[in-house]
Every structure is written in structure tokens, then in C-alpha cells.
>>> print(open('target15.tsv').read())   # TSV, N, CA and C atoms
chain	number	residue	atom	x	y	z
V	272	MET	N	-29.41	37.02	17.77
V	272	MET	CA	-28.54	38.14	18.07
V	272	MET	C	-28.77	39.26	17.05
V	273	THR	N	-28.64	40.46	17.54
V	273	THR	CA	-28.82	41.62	16.69
V	273	THR	C	-27.51	42.38	16.60
V	274	ARG	N	-27.24	42.90	15.42
V	274	ARG	CA	-26.03	43.72	15.25
V	274	ARG	C	-26.37	45.15	15.60
V	275	ARG	N	-25.44	45.82	16.26
V	275	ARG	CA	-25.65	47.20	16.68
V	275	ARG	C	-24.36	47.96	16.47
V	276	LEU	N	-24.48	49.14	15.88
V	276	LEU	CA	-23.30	49.97	15.62
V	276	LEU	C	-23.14	50.99	16.74
V	277	VAL	N	-21.98	51.00	17.36
V	277	VAL	CA	-21.67	51.97	18.41
V	277	VAL	C	-20.39	52.71	18.03
V	278	MET	N	-20.23	53.89	18.59
V	278	MET	CA	-19.03	54.69	18.32
V	278	MET	C	-18.16	54.68	19.57
V	279	ARG	N	-16.90	54.33	19.40
V	279	ARG	CA	-15.94	54.41	20.51
V	279	ARG	C	-15.29	55.79	20.48
V	280	TRP	N	-15.13	56.38	21.63
V	280	TRP	CA	-14.62	57.73	21.78
V	280	TRP	C	-13.20	57.65	22.32
V	281	HIS	N	-12.22	58.13	21.56
V	281	HIS	CA	-10.81	58.01	21.93
V	281	HIS	C	-10.17	59.34	22.29
V	282	LEU	N	-10.95	60.30	22.76
V	282	LEU	CA	-10.40	61.62	23.05
V	282	LEU	C	-9.31	61.55	24.11
V	283	ARG	N	-9.54	60.82	25.19
V	283	ARG	CA	-8.54	60.75	26.27
V	283	ARG	C	-7.21	60.17	25.76
V	284	GLN	N	-7.27	59.12	24.94
V	284	GLN	CA	-6.06	58.50	24.43
V	284	GLN	C	-5.31	59.43	23.48
V	285	VAL	N	-6.06	60.14	22.62
V	285	VAL	CA	-5.42	61.06	21.68
V	285	VAL	C	-4.79	62.22	22.44
V	286	MET	N	-5.49	62.72	23.47
V	286	MET	CA	-4.92	63.80	24.29
V	286	MET	C	-3.61	63.35	24.94
V	287	ALA	N	-3.60	62.15	25.50
V	287	ALA	CA	-2.40	61.64	26.18
V	287	ALA	C	-1.24	61.48	25.19
V	288	SER	N	-1.54	61.02	23.98
V	288	SER	CA	-0.47	60.86	22.99
V	288	SER	C	0.11	62.20	22.55
V	289	ARG	N	-0.65	63.28	22.74
V	289	ARG	CA	-0.18	64.63	22.39
V	289	ARG	C	0.39	65.37	23.60
V	290	GLY	N	0.45	64.71	24.76
V	290	GLY	CA	1.03	65.32	25.95
V	290	GLY	C	0.06	66.17	26.75
V	291	ILE	N	-1.23	66.04	26.50
V	291	ILE	CA	-2.24	66.78	27.29
V	291	ILE	C	-2.88	65.78	28.23
V	292	PHE	N	-2.66	65.96	29.53
V	292	PHE	CA	-3.14	64.99	30.50
V	292	PHE	C	-4.23	65.54	31.40
V	293	GLN	N	-4.44	66.84	31.41
V	293	GLN	CA	-5.48	67.43	32.25
V	293	GLN	C	-6.57	68.01	31.37
V	294	THR	N	-7.81	67.72	31.74
V	294	THR	CA	-8.93	68.20	30.93
V	294	THR	C	-9.04	69.71	30.96
V	295	SER	N	-8.59	70.32	32.05
V	295	SER	CA	-8.68	71.79	32.16
V	295	SER	C	-7.78	72.50	31.14
V	296	GLU	N	-6.80	71.81	30.61
V	296	GLU	CA	-5.93	72.42	29.59
V	296	GLU	C	-6.68	72.66	28.28
V	297	LEU	N	-7.75	71.90	28.05
V	297	LEU	CA	-8.51	72.05	26.81
V	297	LEU	C	-9.40	73.30	26.81
V	298	VAL	N	-9.85	73.75	27.97
V	298	VAL	CA	-10.81	74.86	28.04
V	298	VAL	C	-10.31	76.11	27.32
V	299	PRO	N	-9.11	76.62	27.64
V	299	PRO	CA	-8.66	77.84	26.93
V	299	PRO	C	-8.35	77.57	25.45
V	300	LEU	N	-7.89	76.38	25.13
V	300	LEU	CA	-7.60	76.05	23.74
V	300	LEU	C	-8.88	76.02	22.90
V	301	LEU	N	-9.95	75.50	23.49
V	301	LEU	CA	-11.23	75.50	22.80
V	301	LEU	C	-11.78	76.93	22.67
V	302	ALA	N	-11.61	77.73	23.72
V	302	ALA	CA	-12.11	79.11	23.70
V	302	ALA	C	-11.41	79.92	22.61
V	303	GLU	N	-10.12	79.67	22.38
V	303	GLU	CA	-9.39	80.35	21.31
V	303	GLU	C	-10.01	80.08	19.95
V	304	ARG	N	-10.67	78.93	19.83
V	304	ARG	CA	-11.27	78.53	18.55
V	304	ARG	C	-12.78	78.80	18.51
V	305	GLY	N	-13.27	79.57	19.47
V	305	GLY	CA	-14.68	79.97	19.48
V	305	GLY	C	-15.63	78.96	20.09
V	306	VAL	N	-15.12	77.95	20.76
V	306	VAL	CA	-15.97	76.96	21.43
V	306	VAL	C	-15.84	77.19	22.93
V	307	HIS	N	-16.89	77.73	23.54
V	307	HIS	CA	-16.86	78.08	24.96
V	307	HIS	C	-17.63	77.04	25.76
V	308	LEU	N	-16.89	76.24	26.50
V	308	LEU	CA	-17.48	75.19	27.33
V	308	LEU	C	-16.99	75.34	28.76
V	309	THR	N	-17.80	74.89	29.71
V	309	THR	CA	-17.37	74.93	31.11
V	309	THR	C	-16.32	73.86	31.36
V	310	ARG	N	-15.58	74.05	32.41
V	310	ARG	CA	-14.55	73.08	32.80
V	310	ARG	C	-15.19	71.72	33.10
V	311	GLN	N	-16.39	71.74	33.74
V	311	GLN	CA	-17.08	70.51	34.08
V	311	GLN	C	-17.54	69.77	32.81
V	312	TYR	N	-18.04	70.52	31.83
V	312	TYR	CA	-18.49	69.87	30.59
V	312	TYR	C	-17.31	69.26	29.83
V	313	VAL	N	-16.19	69.96	29.81
V	313	VAL	CA	-15.00	69.43	29.12
V	313	VAL	C	-14.53	68.15	29.81
V	314	HIS	N	-14.57	68.13	31.14
V	314	HIS	CA	-14.19	66.93	31.89
V	314	HIS	C	-15.11	65.76	31.52
V	315	LYS	N	-16.41	66.02	31.47
V	315	LYS	CA	-17.37	64.98	31.10
V	315	LYS	C	-17.14	64.52	29.66
V	316	LEU	N	-16.84	65.46	28.78
V	316	LEU	CA	-16.59	65.15	27.37
V	316	LEU	C	-15.39	64.21	27.21
V	317	VAL	N	-14.38	64.42	28.03
V	317	VAL	CA	-13.16	63.61	27.94
V	317	VAL	C	-13.36	62.23	28.59
V	318	THR	N	-14.08	62.19	29.70
V	318	THR	CA	-14.16	60.94	30.47
V	318	THR	C	-15.29	60.01	30.04
V	319	THR	N	-16.34	60.54	29.41
V	319	THR	CA	-17.44	59.68	28.99
V	319	THR	C	-17.76	59.93	27.52
V	320	PRO	N	-18.11	58.91	26.77
V	320	PRO	CA	-18.44	59.11	25.36
V	320	PRO	C	-19.72	59.94	25.22
V	321	PRO	N	-19.70	60.98	24.41
V	321	PRO	CA	-20.90	61.80	24.24
V	321	PRO	C	-21.93	61.12	23.34
V	322	GLN	N	-23.20	61.45	23.55
V	322	GLN	CA	-24.26	60.95	22.69
V	322	GLN	C	-24.25	61.68	21.35
V	323	ARG	N	-23.92	62.97	21.40
V	323	ARG	CA	-23.84	63.80	20.19
V	323	ARG	C	-22.59	64.65	20.27
V	324	VAL	N	-22.04	64.97	19.11
V	324	VAL	CA	-20.87	65.85	19.06
V	324	VAL	C	-21.16	66.97	18.06
V	325	ASN	N	-21.04	68.19	18.52
V	325	ASN	CA	-21.21	69.35	17.66
V	325	ASN	C	-20.05	69.38	16.66
V	326	VAL	N	-20.35	69.70	15.42
V	326	VAL	CA	-19.32	69.70	14.37
V	326	VAL	C	-18.25	70.75	14.67
V	327	ASP	N	-18.64	71.91	15.22
V	327	ASP	CA	-17.65	72.94	15.57
V	327	ASP	C	-16.71	72.43	16.66
V	328	LEU	N	-17.27	71.73	17.63
V	328	LEU	CA	-16.45	71.15	18.71
V	328	LEU	C	-15.49	70.10	18.14
V	329	LEU	N	-15.99	69.24	17.28
V	329	LEU	CA	-15.15	68.20	16.67
V	329	LEU	C	-14.02	68.82	15.86
V	330	ALA	N	-14.34	69.87	15.09
V	330	ALA	CA	-13.31	70.55	14.29
V	330	ALA	C	-12.27	71.20	15.20
V	331	ALA	N	-12.71	71.82	16.30
V	331	ALA	CA	-11.78	72.45	17.23
V	331	ALA	C	-10.88	71.41	17.89
V	332	LEU	N	-11.45	70.29	18.31
V	332	LEU	CA	-10.64	69.23	18.92
V	332	LEU	C	-9.60	68.69	17.94
V	333	CYS	N	-10.01	68.50	16.69
V	333	CYS	CA	-9.08	68.01	15.67
V	333	CYS	C	-7.96	69.01	15.42
V	334	ASP	N	-8.29	70.30	15.44
V	334	ASP	CA	-7.29	71.34	15.25
V	334	ASP	C	-6.31	71.39	16.42
V	335	ILE	N	-6.83	71.32	17.63
V	335	ILE	CA	-5.99	71.37	18.84
V	335	ILE	C	-5.05	70.17	18.90
V	336	LEU	N	-5.60	68.98	18.62
V	336	LEU	CA	-4.83	67.74	18.77
V	336	LEU	C	-4.07	67.33	17.51
V	337	GLY	N	-4.30	68.04	16.41
V	337	GLY	CA	-3.62	67.70	15.17
V	337	GLY	C	-3.99	66.30	14.69
V	338	CYS	N	-5.28	65.99	14.73
V	338	CYS	CA	-5.74	64.66	14.34
V	338	CYS	C	-6.94	64.78	13.41
V	339	THR	N	-7.45	63.64	12.99
V	339	THR	CA	-8.65	63.60	12.16
V	339	THR	C	-9.82	63.09	13.00
V	340	PRO	N	-11.06	63.32	12.55
V	340	PRO	CA	-12.20	62.77	13.29
V	340	PRO	C	-12.15	61.25	13.41
V	341	ALA	N	-11.54	60.58	12.44
V	341	ALA	CA	-11.44	59.12	12.49
V	341	ALA	C	-10.57	58.64	13.65
V	342	GLU	N	-9.64	59.49	14.11
V	342	GLU	CA	-8.82	59.11	15.25
V	342	GLU	C	-9.59	59.27	16.56
V	343	LEU	N	-10.58	60.15	16.58
V	343	LEU	CA	-11.37	60.37	17.79
V	343	LEU	C	-12.57	59.42	17.87
V	344	LEU	N	-13.18	59.15	16.73
V	344	LEU	CA	-14.38	58.31	16.69
V	344	LEU	C	-14.10	57.04	15.90
V	345	GLU	N	-14.44	55.90	16.49
V	345	GLU	CA	-14.24	54.61	15.81
V	345	GLU	C	-15.56	53.85	15.81
V	346	PRO	N	-16.14	53.61	14.62
V	346	PRO	CA	-17.37	52.82	14.59
V	346	PRO	C	-17.06	51.34	14.82
V	347	VAL	N	-17.83	50.72	15.71
V	347	VAL	CA	-17.63	49.31	16.06
V	347	VAL	C	-18.98	48.61	16.03
V	348	VAL	N	-19.01	47.44	15.42
V	348	VAL	CA	-20.23	46.63	15.39
V	348	VAL	C	-20.19	45.68	16.58
V	349	GLU	N	-21.26	45.74	17.39
V	349	GLU	CA	-21.37	44.85	18.54
V	349	GLU	C	-22.53	43.89	18.31
V	350	GLN	N	-22.39	42.69	18.83
V	350	GLN	CA	-23.48	41.73	18.78
V	350	GLN	C	-24.28	41.88	20.06
V	351	ALA	N	-25.53	42.27	19.94
V	351	ALA	CA	-26.40	42.43	21.11
V	351	ALA	C	-27.36	41.26	21.15
V	352	GLU	N	-27.43	40.60	22.32
V	352	GLU	CA	-28.35	39.49	22.46
V	352	GLU	C	-29.74	40.02	22.70
V	353	GLN	N	-30.70	39.38	22.07
V	353	GLN	CA	-32.08	39.79	22.21
V	353	GLN	C	-32.61	39.31	23.56
V	354	ALA	N	-33.33	40.18	24.25
V	354	ALA	CA	-33.88	39.81	25.54
V	354	ALA	C	-34.93	38.71	25.37
V	355	LYS	N	-34.90	37.74	26.28
V	355	LYS	CA	-35.86	36.65	26.20
V	355	LYS	C	-37.15	37.05	26.90
V	356	THR	N	-38.25	36.77	26.25
V	356	THR	CA	-39.56	37.03	26.84
V	356	THR	C	-40.35	35.74	26.81
V	357	GLY	N	-41.40	35.69	27.58
V	357	GLY	CA	-42.22	34.49	27.63
V	357	GLY	C	-42.89	34.19	26.31
V	358	THR	N	-43.26	35.21	25.57
V	358	THR	CA	-43.96	34.99	24.30
V	358	THR	C	-43.02	34.45	23.24
V	359	VAL	N	-41.75	34.85	23.26
V	359	VAL	CA	-40.80	34.33	22.28
V	359	VAL	C	-40.58	32.85	22.52
V	360	ASP	N	-40.41	32.44	23.78
V	360	ASP	CA	-40.19	31.04	24.10
V	360	ASP	C	-41.43	30.21	23.76
V	361	ALA	N	-42.61	30.75	24.03
V	361	ALA	CA	-43.85	30.05	23.73
V	361	ALA	C	-44.03	29.90	22.22
V	362	ALA	N	-43.61	30.90	21.47
V	362	ALA	CA	-43.74	30.84	20.01
V	362	ALA	C	-42.86	29.73	19.45
V	363	ARG	N	-41.70	29.52	20.05
V	363	ARG	CA	-40.82	28.44	19.59
V	363	ARG	C	-41.45	27.07	19.86
V	364	GLU	N	-42.18	26.97	20.96
V	364	GLU	CA	-42.81	25.70	21.32
V	364	GLU	C	-44.11	25.47	20.56
V	365	GLY	N	-44.51	26.42	19.74
V	365	GLY	CA	-45.73	26.27	18.97
V	365	GLY	C	-46.97	26.73	19.71
V	366	LEU	N	-46.81	27.37	20.86
V	366	LEU	CA	-47.96	27.86	21.61
V	366	LEU	C	-48.28	29.28	21.19
V	367	GLY	N	-49.54	29.55	21.00
V	367	GLY	CA	-49.97	30.91	20.72
V	367	GLY	C	-50.31	31.60	22.02
V	368	ILE	N	-50.58	32.88	21.97
V	368	ILE	CA	-50.90	33.62	23.19
V	368	ILE	C	-52.18	33.10	23.83
V	369	GLY	N	-53.09	32.57	23.02
V	369	GLY	CA	-54.34	32.02	23.56
V	369	GLY	C	-54.14	30.70	24.29
V	370	ASP	N	-53.04	30.02	24.03
V	370	ASP	CA	-52.77	28.73	24.68
V	370	ASP	C	-52.11	28.88	26.04
V	371	LEU	N	-51.66	30.06	26.36
V	371	LEU	CA	-51.00	30.29	27.64
V	371	LEU	C	-52.04	30.51	28.72
V	372	ARG	N	-51.87	29.87	29.84
V	372	ARG	CA	-52.80	30.02	30.97
V	372	ARG	C	-52.01	30.38	32.21
V	373	PRO	N	-52.59	31.21	33.08
V	373	PRO	CA	-51.90	31.57	34.31
V	373	PRO	C	-51.85	30.39	35.27
V	374	ILE	N	-50.87	30.43	36.16
V	374	ILE	CA	-50.74	29.40	37.19
V	374	ILE	C	-51.56	29.86	38.39
V	375	ARG	N	-52.39	28.94	38.88
V	375	ARG	CA	-53.26	29.27	40.00
V	375	ARG	C	-52.42	29.57	41.25
V	376	ALA	N	-52.72	30.69	41.92
V	376	ALA	CA	-52.01	31.08	43.13
V	376	ALA	C	-52.66	30.44	44.35
V	377	THR	N	-51.86	30.11	45.33
V	377	THR	CA	-52.36	29.59	46.58
V	377	THR	C	-52.05	30.60	47.67
V	378	VAL	N	-53.10	31.07	48.35
V	378	VAL	CA	-52.91	32.05	49.41
V	378	VAL	C	-52.77	31.30	50.72
V	379	ARG	N	-51.72	31.56	51.46
V	379	ARG	CA	-51.49	30.90	52.75
V	379	ARG	C	-51.38	31.96	53.82
V	380	ARG	N	-52.00	31.67	54.92
V	380	ARG	CA	-51.93	32.58	56.06
V	380	ARG	C	-50.66	32.26	56.86
V	381	PRO	N	-50.12	33.24	57.56
V	381	PRO	CA	-48.86	33.02	58.29
V	381	PRO	C	-48.91	31.87	59.29
V	382	HIS	N	-50.05	31.58	59.89
V	382	HIS	CA	-50.13	30.53	60.90
V	382	HIS	C	-50.33	29.12	60.30
V	383	GLU	N	-50.61	29.05	59.01
V	383	GLU	CA	-50.81	27.74	58.37
V	383	GLU	C	-49.49	27.08	58.06
V	384	ASP	N	-49.47	25.74	58.14
V	384	ASP	CA	-48.28	25.00	57.77
V	384	ASP	C	-48.23	24.85	56.27
V	385	ARG	N	-47.07	24.66	55.77
V	385	ARG	CA	-46.90	24.48	54.33
V	385	ARG	C	-47.10	23.10	53.97
>>> encode(input="target15.tsv", output="C-alpha cells")
Amino acid sequence: MTRRLVMRWHLRQVMASRGIFQTSELVPLLAERGVHLTRQYVHKLVTTPPQRVNVDLLAALCDILGCTPAELLEPVVEQAEQAKTGTVDAAREGLGIGDLRPIRATVRRPHEDR
């Protein structure tokens, strides 16, 4: 297993705790602070965790909601299972890549019996 750090995005929960339930309410509040975003982008920002957050946007959200960045972003360590491959399993059995051989295919015509 591999450890992986992910960030949880709590914008929707913080908005609800402050009495803001519609994403469209954020658009003019952000514009007052010099952050001009479309209504569609603000909706996406609230409903899905962003890959990147602009520092100006984060500062504006914290100012609007009266919170800290730590309330919006929560780092969480997740355990990610490593994908199994044929070579990993063969390595455990002591087989090298040179010891692996393909399985012979049998071609059958539709009219032949099995």
C-alpha cells in the first residue's frame, strides 16, 4: 500500500454554516473583492474540489465567509492500494521476465466442435 496526501474541499459546508446556500450568491461578493468568475465556474468550484486554487480566490473566499484556509482545505492521508501486474506477482514467485512464456492459442473455426 502507498500513502497519498489529498486535500478535502469544504467550501459547500462552510457556506451553509454561514447561511449561503446558493452558489450564485458568491459571484457578486467575489466581484467586490476583485475576483471575477462566471456563475458556472463558481458553481463548479463549490460542487467539486478544484485541482488548484488561486491565492487571491482563496483570500476572497476566506474574507467573504469569515474563515481561515484551514477551514476550507483539509489535508488527509489516504492508503492507496498498488495495482497488481503480472510482473509483480511473478517477481514474488521468483520468476524473472525471461522465465515467463506465453500460452499457446488455439484457433477454432465456428463449425468445429469444442
>>> select_by_dssp(input="target15.tsv", residues="chain V", states="helix (DSSP H, G or I)", output="ChimeraX atom specification")
/V:282-288,294-303,310-318,326-336,340-343,357-363,368-370
>>> residues_near_point(input="target15.tsv", point="(-19.5, 58.8, 24.7)", cutoff="7 Å", atoms="all atoms listed in the file", output="VMD selection string")
chain V and resid 278 to 280 318 to 323
>>> atom_distance(input="target15.tsv", atom1="atom C of Leu329 in chain V", atom2="atom N of Ala341 in chain V")
9.3 Å
>>> atom_distance(input="target15.tsv", atom1="atom C of Pro299 in chain V", atom2="atom N of Glu345 in chain V")
24.2 Å
>>> atom_distance(input="target15.tsv", atom1="atom N of Thr294 in chain V", atom2="atom N of His314 in chain V")
6.8 Å
>>> closest_residue(input="target15.tsv", among="V:Ile291, V:Gly305, V:Leu344, V:Gln311", to="Asp327 in chain V", atoms="only N, CA and C atoms")
V:Gly305
>>> closest_residue(input="target15.tsv", among="V:Leu300, V:Leu276, V:Leu371, V:Ala287", to="Ile335 in chain V", atoms="only C-alpha atoms")
V:Leu300
>>> closest_residue(input="target15.tsv", among="V:Val277, V:Cys338, V:Ala376, V:Leu282", to="Leu316 in chain V", atoms="all atoms listed in the file")
V:Leu282
>>> axis_aligned_box(input="target15.tsv", around="range 330-342 of chain V", padding_each_side="4 Å", output="AutoDock Vina command-line options")
--center_x -9.0 --center_y 65.5 --center_z 15.5 --size_x 18.7 --size_y 21.8 --size_z 14.8
>>> residues_around(input="target15.tsv", residues="Cys333 in chain V", least_positions_apart="6", cutoff="12 Å", atoms="only C-alpha atoms", output="CSV table (one decimal) with N, CA and C atoms, in the frame of the given file")
chain,number,residue,atom,x,y,z
V,281,HIS,N,-12.2,58.1,21.6
V,281,HIS,CA,-10.8,58.0,21.9
V,281,HIS,C,-10.2,59.3,22.3
V,282,LEU,N,-11.0,60.3,22.8
V,282,LEU,CA,-10.4,61.6,23.0
V,282,LEU,C,-9.3,61.6,24.1
V,285,VAL,N,-6.1,60.1,22.6
V,285,VAL,CA,-5.4,61.1,21.7
V,285,VAL,C,-4.8,62.2,22.4
V,286,MET,N,-5.5,62.7,23.5
V,286,MET,CA,-4.9,63.8,24.3
V,286,MET,C,-3.6,63.4,24.9
V,289,ARG,N,-0.6,63.3,22.7
V,289,ARG,CA,-0.2,64.6,22.4
V,289,ARG,C,0.4,65.4,23.6
V,297,LEU,N,-7.8,71.9,28.0
V,297,LEU,CA,-8.5,72.0,26.8
V,297,LEU,C,-9.4,73.3,26.8
V,300,LEU,N,-7.9,76.4,25.1
V,300,LEU,CA,-7.6,76.0,23.7
V,300,LEU,C,-8.9,76.0,22.9
V,301,LEU,N,-10.0,75.5,23.5
V,301,LEU,CA,-11.2,75.5,22.8
V,301,LEU,C,-11.8,76.9,22.7
V,304,ARG,N,-10.7,78.9,19.8
V,304,ARG,CA,-11.3,78.5,18.6
V,304,ARG,C,-12.8,78.8,18.5
V,326,VAL,N,-20.4,69.7,15.4
V,326,VAL,CA,-19.3,69.7,14.4
V,326,VAL,C,-18.2,70.8,14.7
V,327,ASP,N,-18.6,71.9,15.2
V,327,ASP,CA,-17.6,72.9,15.6
V,327,ASP,C,-16.7,72.4,16.7
V,339,THR,N,-7.4,63.6,13.0
V,339,THR,CA,-8.6,63.6,12.2
V,339,THR,C,-9.8,63.1,13.0
V,340,PRO,N,-11.1,63.3,12.6
V,340,PRO,CA,-12.2,62.8,13.3
V,340,PRO,C,-12.2,61.2,13.4
V,341,ALA,N,-11.5,60.6,12.4
V,341,ALA,CA,-11.4,59.1,12.5
V,341,ALA,C,-10.6,58.6,13.6
V,342,GLU,N,-9.6,59.5,14.1
V,342,GLU,CA,-8.8,59.1,15.2
V,342,GLU,C,-9.6,59.3,16.6
V,343,LEU,N,-10.6,60.2,16.6
V,343,LEU,CA,-11.4,60.4,17.8
V,343,LEU,C,-12.6,59.4,17.9
V,344,LEU,N,-13.2,59.2,16.7
V,344,LEU,CA,-14.4,58.3,16.7
V,344,LEU,C,-14.1,57.0,15.9
>>> select_by_dssp(input="target15.tsv", residues="range 313-352 of chain V", states="strand (DSSP E or B)", output="list in words")
Leu344, Glu345, Pro346, Val347, Val348, Glu349, Gln350 and Ala351 of chain V
